[in-house]
Amino acid sequence: CAAPQRVLFILFLTCSALARAMAGNDPKLLAALDLMRRMPPARMERSLEELIDLCPEMTDDLLNTVDQPLQVSKDHRGNAYLLCDYNRDQDSYRSPWTNTYDPPLDDGVLPSAALRAMECMANDVFDAYREMYYESGGASSVYFWDLDDGNFAACVLFKKEAEKQKKLKAGSWDAIHVVEVSPGKMTKYKLTSTIMLRIETDHQASSNSGNLNLSGSLTRQNEVSLAAKDNAAHVANMGRIIEDMENRMRDTLQITYFGKTKNVVNGLYKAAGGANQNMKDDLARALQAELKGR
């Protein structure tokens, strides 16, 4: 029986994580982030736990800078919500539906009344967004917090686990969108989006079997200035820029990464009809050269 074969994408840490590490001029943290970048994405959580065991003094820095697959929990009312560093205080996590921490925390950080009202609105809006784009299943959560000078920020999270089907062993999509908002005559929105994708399949040919594991992380940033006269306008603006970013990142994953993987495989091994494909490629190159010459 042939040994299982695995194909892994390179794991990228968020740009903001590396920027914060370089700004802090901490060589130890830079080395830790560089090590995490080289670890297999499929075992990222385990790698992070082992690194924290080796360097417990960097626990907070590592948890704040290394994106991990999102975990789902339920509050005392049975509402599902996603866990991340943006709703964590000590060892407790805040539910966006009840605004309470689990385990209970007397002095946990809470958003201001105005932000809490916007947070409730955003959770309802992005839950409808999840139903529209992620269909049945999955979970979404939105968290707001105050910044200096009247600014604020929000984190919009989505998670979808693939249903196990024939040849599909496991799969997940984790999306983390962090928006920094600077209100003004034209409100400035700075978006940092990270998508983590994992697909694991079983395949068998004759008496040989193996696994194919595609996993990795992609981070993109964008800044826009839009008019916003009230809370509803802020939520609508964030929805539009997040929708546009997710669509572009999905296309990038599908065309660039999966398409590139297919091209690499075809370059290594030509299946039946490889000669015809070579003729098509030669014709395409000839047409391109002819068009450039005009």
# chains A, B, ... in the order shown; residues from 1 in each chain; ligands from 1

call {"tool": "select_by_dssp", "arguments": {"residues": "region 66-291 of chain A", "states": "strand (DSSP E or B)", "output": "PDB file with C-alpha atoms, in the first residue's frame"}}
result
ATOM      1  CA  GLN A  71     -13.602  27.621  17.287  1.00  0.00           C
ATOM      2  CA  VAL A  72     -17.365  27.506  17.881  1.00  0.00           C
ATOM      3  CA  SER A  73     -18.939  27.736  21.323  1.00  0.00           C
ATOM      4  CA  LYS A  74     -22.452  28.234  22.720  1.00  0.00           C
ATOM      5  CA  ALA A  80     -23.518  29.624  18.682  1.00  0.00           C
ATOM      6  CA  TYR A  81     -20.671  32.141  18.518  1.00  0.00           C
ATOM      7  CA  LEU A  82     -17.056  32.151  17.354  1.00  0.00           C
ATOM      8  CA  LEU A  83     -14.012  32.429  19.599  1.00  0.00           C
ATOM      9  CA  ARG A  88     -11.287  37.103  24.800  1.00  0.00           C
ATOM     10  CA  ASP A  89     -10.551  38.531  28.231  1.00  0.00           C
ATOM     11  CA  SER A  92     -13.170  33.909  29.130  1.00  0.00           C
ATOM     12  CA  TYR A  93     -14.942  34.677  25.850  1.00  0.00           C
ATOM     13  CA  ARG A  94     -17.807  37.117  25.281  1.00  0.00           C
ATOM     14  CA  TYR A 101     -18.525  36.176  29.300  1.00  0.00           C
ATOM     15  CA  ASP A 102     -18.142  32.422  29.650  1.00  0.00           C
ATOM     16  CA  ALA A 139     -21.527  30.394  12.118  1.00  0.00           C
ATOM     17  CA  SER A 140     -20.856  34.128  12.194  1.00  0.00           C
ATOM     18  CA  SER A 141     -19.976  36.633  14.930  1.00  0.00           C
ATOM     19  CA  VAL A 142     -19.252  40.362  15.036  1.00  0.00           C
ATOM     20  CA  TYR A 143     -17.392  42.164  17.826  1.00  0.00           C
ATOM     21  CA  PHE A 144     -16.903  45.920  18.300  1.00  0.00           C
ATOM     22  CA  TRP A 145     -14.485  47.801  20.559  1.00  0.00           C
ATOM     23  CA  ASP A 146     -13.470  51.409  21.154  1.00  0.00           C
ATOM     24  CA  PHE A 152     -13.636  52.242  16.767  1.00  0.00           C
ATOM     25  CA  ALA A 153     -12.986  48.822  15.283  1.00  0.00           C
ATOM     26  CA  ALA A 154     -14.945  45.695  14.479  1.00  0.00           C
ATOM     27  CA  CYS A 155     -14.106  42.065  13.800  1.00  0.00           C
ATOM     28  CA  VAL A 156     -16.407  40.070  11.514  1.00  0.00           C
ATOM     29  CA  LEU A 157     -15.962  36.289  11.622  1.00  0.00           C
ATOM     30  CA  PHE A 158     -17.321  33.452   9.471  1.00  0.00           C
ATOM     31  CA  LYS A 159     -16.748  29.714   9.751  1.00  0.00           C
ATOM     32  CA  LYS A 160     -18.106  26.902   7.596  1.00  0.00           C
ATOM     33  CA  GLU A 161     -17.309  23.199   7.920  1.00  0.00           C
ATOM     34  CA  GLN A 165     -19.098  13.335   1.319  1.00  0.00           C
ATOM     35  CA  LEU A 168     -14.179  14.453   0.854  1.00  0.00           C
ATOM     36  CA  LYS A 169     -12.787  13.660   4.287  1.00  0.00           C
ATOM     37  CA  ALA A 170     -12.862  17.155   5.801  1.00  0.00           C
ATOM     38  CA  GLY A 171     -12.932  20.802   4.822  1.00  0.00           C
ATOM     39  CA  SER A 172     -13.285  24.210   6.429  1.00  0.00           C
ATOM     40  CA  TRP A 173     -13.406  27.910   5.556  1.00  0.00           C
ATOM     41  CA  ASP A 174     -12.451  30.467   8.230  1.00  0.00           C
ATOM     42  CA  ALA A 175     -12.732  34.175   7.458  1.00  0.00           C
ATOM     43  CA  ILE A 176     -11.481  36.941   9.779  1.00  0.00           C
ATOM     44  CA  HIS A 177     -12.213  40.551   8.796  1.00  0.00           C
ATOM     45  CA  VAL A 178     -10.908  43.365  11.015  1.00  0.00           C
ATOM     46  CA  VAL A 179     -12.174  46.869  10.201  1.00  0.00           C
ATOM     47  CA  GLU A 180     -10.702  50.040  11.729  1.00  0.00           C
ATOM     48  CA  VAL A 181     -13.152  52.946  11.408  1.00  0.00           C
ATOM     49  CA  SER A 182     -12.189  56.639  11.602  1.00  0.00           C
ATOM     50  CA  THR A 187     -15.359  57.991   7.108  1.00  0.00           C
ATOM     51  CA  LYS A 188     -12.166  56.001   6.557  1.00  0.00           C
ATOM     52  CA  TYR A 189     -12.434  52.204   6.691  1.00  0.00           C
ATOM     53  CA  LYS A 190      -9.248  50.123   6.875  1.00  0.00           C
ATOM     54  CA  LEU A 191      -9.946  46.432   6.272  1.00  0.00           C
ATOM     55  CA  THR A 192      -7.585  43.524   6.953  1.00  0.00           C
ATOM     56  CA  SER A 193      -8.986  40.172   5.827  1.00  0.00           C
ATOM     57  CA  THR A 194      -7.589  36.697   6.415  1.00  0.00           C
ATOM     58  CA  ILE A 195      -9.074  33.534   4.958  1.00  0.00           C
ATOM     59  CA  MET A 196      -7.934  30.073   6.039  1.00  0.00           C
ATOM     60  CA  LEU A 197      -8.930  27.194   3.800  1.00  0.00           C
ATOM     61  CA  ARG A 198      -8.503  23.468   4.420  1.00  0.00           C
ATOM     62  CA  ILE A 199      -9.537  20.583   2.167  1.00  0.00           C
ATOM     63  CA  GLU A 200      -8.692  16.942   2.863  1.00  0.00           C
ATOM     64  CA  THR A 201      -9.745  14.130   0.548  1.00  0.00           C
ATOM     65  CA  ASP A 202      -9.361  10.369   0.363  1.00  0.00           C
ATOM     66  CA  HIS A 203      -8.620   8.736  -2.964  1.00  0.00           C
ATOM     67  CA  GLN A 204      -7.881   5.192  -4.039  1.00  0.00           C
ATOM     68  CA  ALA A 205      -6.440   3.786  -7.240  1.00  0.00           C
ATOM     69  CA  ASN A 208      -3.198   1.957  -3.392  1.00  0.00           C
ATOM     70  CA  SER A 209      -4.762   4.679  -1.266  1.00  0.00           C
ATOM     71  CA  GLY A 210      -3.661   8.095  -0.093  1.00  0.00           C
ATOM     72  CA  ASN A 211      -4.686  11.510   1.175  1.00  0.00           C
ATOM     73  CA  LEU A 212      -4.615  14.903  -0.507  1.00  0.00           C
ATOM     74  CA  ASN A 213      -4.392  17.841   1.907  1.00  0.00           C
ATOM     75  CA  LEU A 214      -4.674  21.398   0.601  1.00  0.00           C
ATOM     76  CA  SER A 215      -4.495  24.040   3.306  1.00  0.00           C
ATOM     77  CA  GLY A 216      -3.259  27.564   3.685  1.00  0.00           C
ATOM     78  CA  SER A 217      -3.981  31.162   4.600  1.00  0.00           C
ATOM     79  CA  LEU A 218      -4.363  34.314   2.524  1.00  0.00           C
ATOM     80  CA  THR A 219      -4.329  37.913   3.859  1.00  0.00           C
ATOM     81  CA  ARG A 220      -5.287  41.096   2.023  1.00  0.00           C
ATOM     82  CA  GLN A 221      -5.776  44.742   3.048  1.00  0.00           C
ATOM     83  CA  ASN A 222      -7.865  47.582   1.654  1.00  0.00           C
ATOM     84  CA  GLU A 223      -8.670  51.187   2.610  1.00  0.00           C
ATOM     85  CA  VAL A 224     -11.704  53.162   1.437  1.00  0.00           C
ATOM     86  CA  SER A 225     -13.404  56.426   2.398  1.00  0.00           C
ATOM     87  CA  LEU A 226     -17.208  56.515   2.369  1.00  0.00           C
TER      88      LEU A 226
END

call {"tool": "select_by_dssp", "arguments": {"residues": "region 61-254 of chain A", "states": "alpha helix (DSSP H)", "output": "ChimeraX atom specification"}}
result
/A:61-65,113-133,231-251

call {"tool": "atom_distance", "arguments": {"atom1": "CA of Asp75 (chain A)", "atom2": "CA of Ser95 (chain A)"}}
result
6.4 Å

call {"tool": "atom_distance", "arguments": {"atom1": "CA of Arg46 (chain A)", "atom2": "CA of Gln68 (chain A)"}}
result
10.3 Å

call {"tool": "atom_distance", "arguments": {"atom1": "CA of Gly267 (chain A)", "atom2": "CA of Leu291 (chain A)"}}
result
26.0 Å

call {"tool": "decode", "arguments": {"residues": "region 138-180 of chain A", "atoms": "C-alpha atoms", "output": "short mmCIF file (atom, residue, chain, number, x, y, z; two decimals), in the first residue's frame"}}
result
data_model
loop_
_atom_site.label_atom_id
_atom_site.label_comp_id
_atom_site.auth_asym_id
_atom_site.auth_seq_id
_atom_site.Cartn_x
_atom_site.Cartn_y
_atom_site.Cartn_z
CA GLY A 138 -21.76 27.63 9.55
CA ALA A 139 -21.53 30.39 12.12
CA SER A 140 -20.86 34.13 12.19
CA SER A 141 -19.98 36.63 14.93
CA VAL A 142 -19.25 40.36 15.04
CA TYR A 143 -17.39 42.16 17.83
CA PHE A 144 -16.90 45.92 18.30
CA TRP A 145 -14.48 47.80 20.56
CA ASP A 146 -13.47 51.41 21.15
CA LEU A 147 -10.22 52.99 19.95
CA ASP A 148 -8.61 56.33 20.72
CA ASP A 149 -9.82 59.72 19.40
CA GLY A 150 -13.42 58.60 18.87
CA ASN A 151 -12.44 55.82 16.45
CA PHE A 152 -13.64 52.24 16.77
CA ALA A 153 -12.99 48.82 15.28
CA ALA A 154 -14.94 45.69 14.48
CA CYS A 155 -14.11 42.07 13.80
CA VAL A 156 -16.41 40.07 11.51
CA LEU A 157 -15.96 36.29 11.62
CA PHE A 158 -17.32 33.45 9.47
CA LYS A 159 -16.75 29.71 9.75
CA LYS A 160 -18.11 26.90 7.60
CA GLU A 161 -17.31 23.20 7.92
CA ALA A 162 -17.82 21.06 4.83
CA GLU A 163 -20.16 18.12 5.12
CA LYS A 164 -18.40 14.79 4.74
CA GLN A 165 -19.10 13.33 1.32
CA LYS A 166 -17.68 10.66 -0.94
CA LYS A 167 -13.90 11.23 -1.20
CA LEU A 168 -14.18 14.45 0.85
CA LYS A 169 -12.79 13.66 4.29
CA ALA A 170 -12.86 17.16 5.80
CA GLY A 171 -12.93 20.80 4.82
CA SER A 172 -13.28 24.21 6.43
CA TRP A 173 -13.41 27.91 5.56
CA ASP A 174 -12.45 30.47 8.23
CA ALA A 175 -12.73 34.17 7.46
CA ILE A 176 -11.48 36.94 9.78
CA HIS A 177 -12.21 40.55 8.80
CA VAL A 178 -10.91 43.36 11.02
CA VAL A 179 -12.17 46.87 10.20
CA GLU A 180 -10.70 50.04 11.73
#
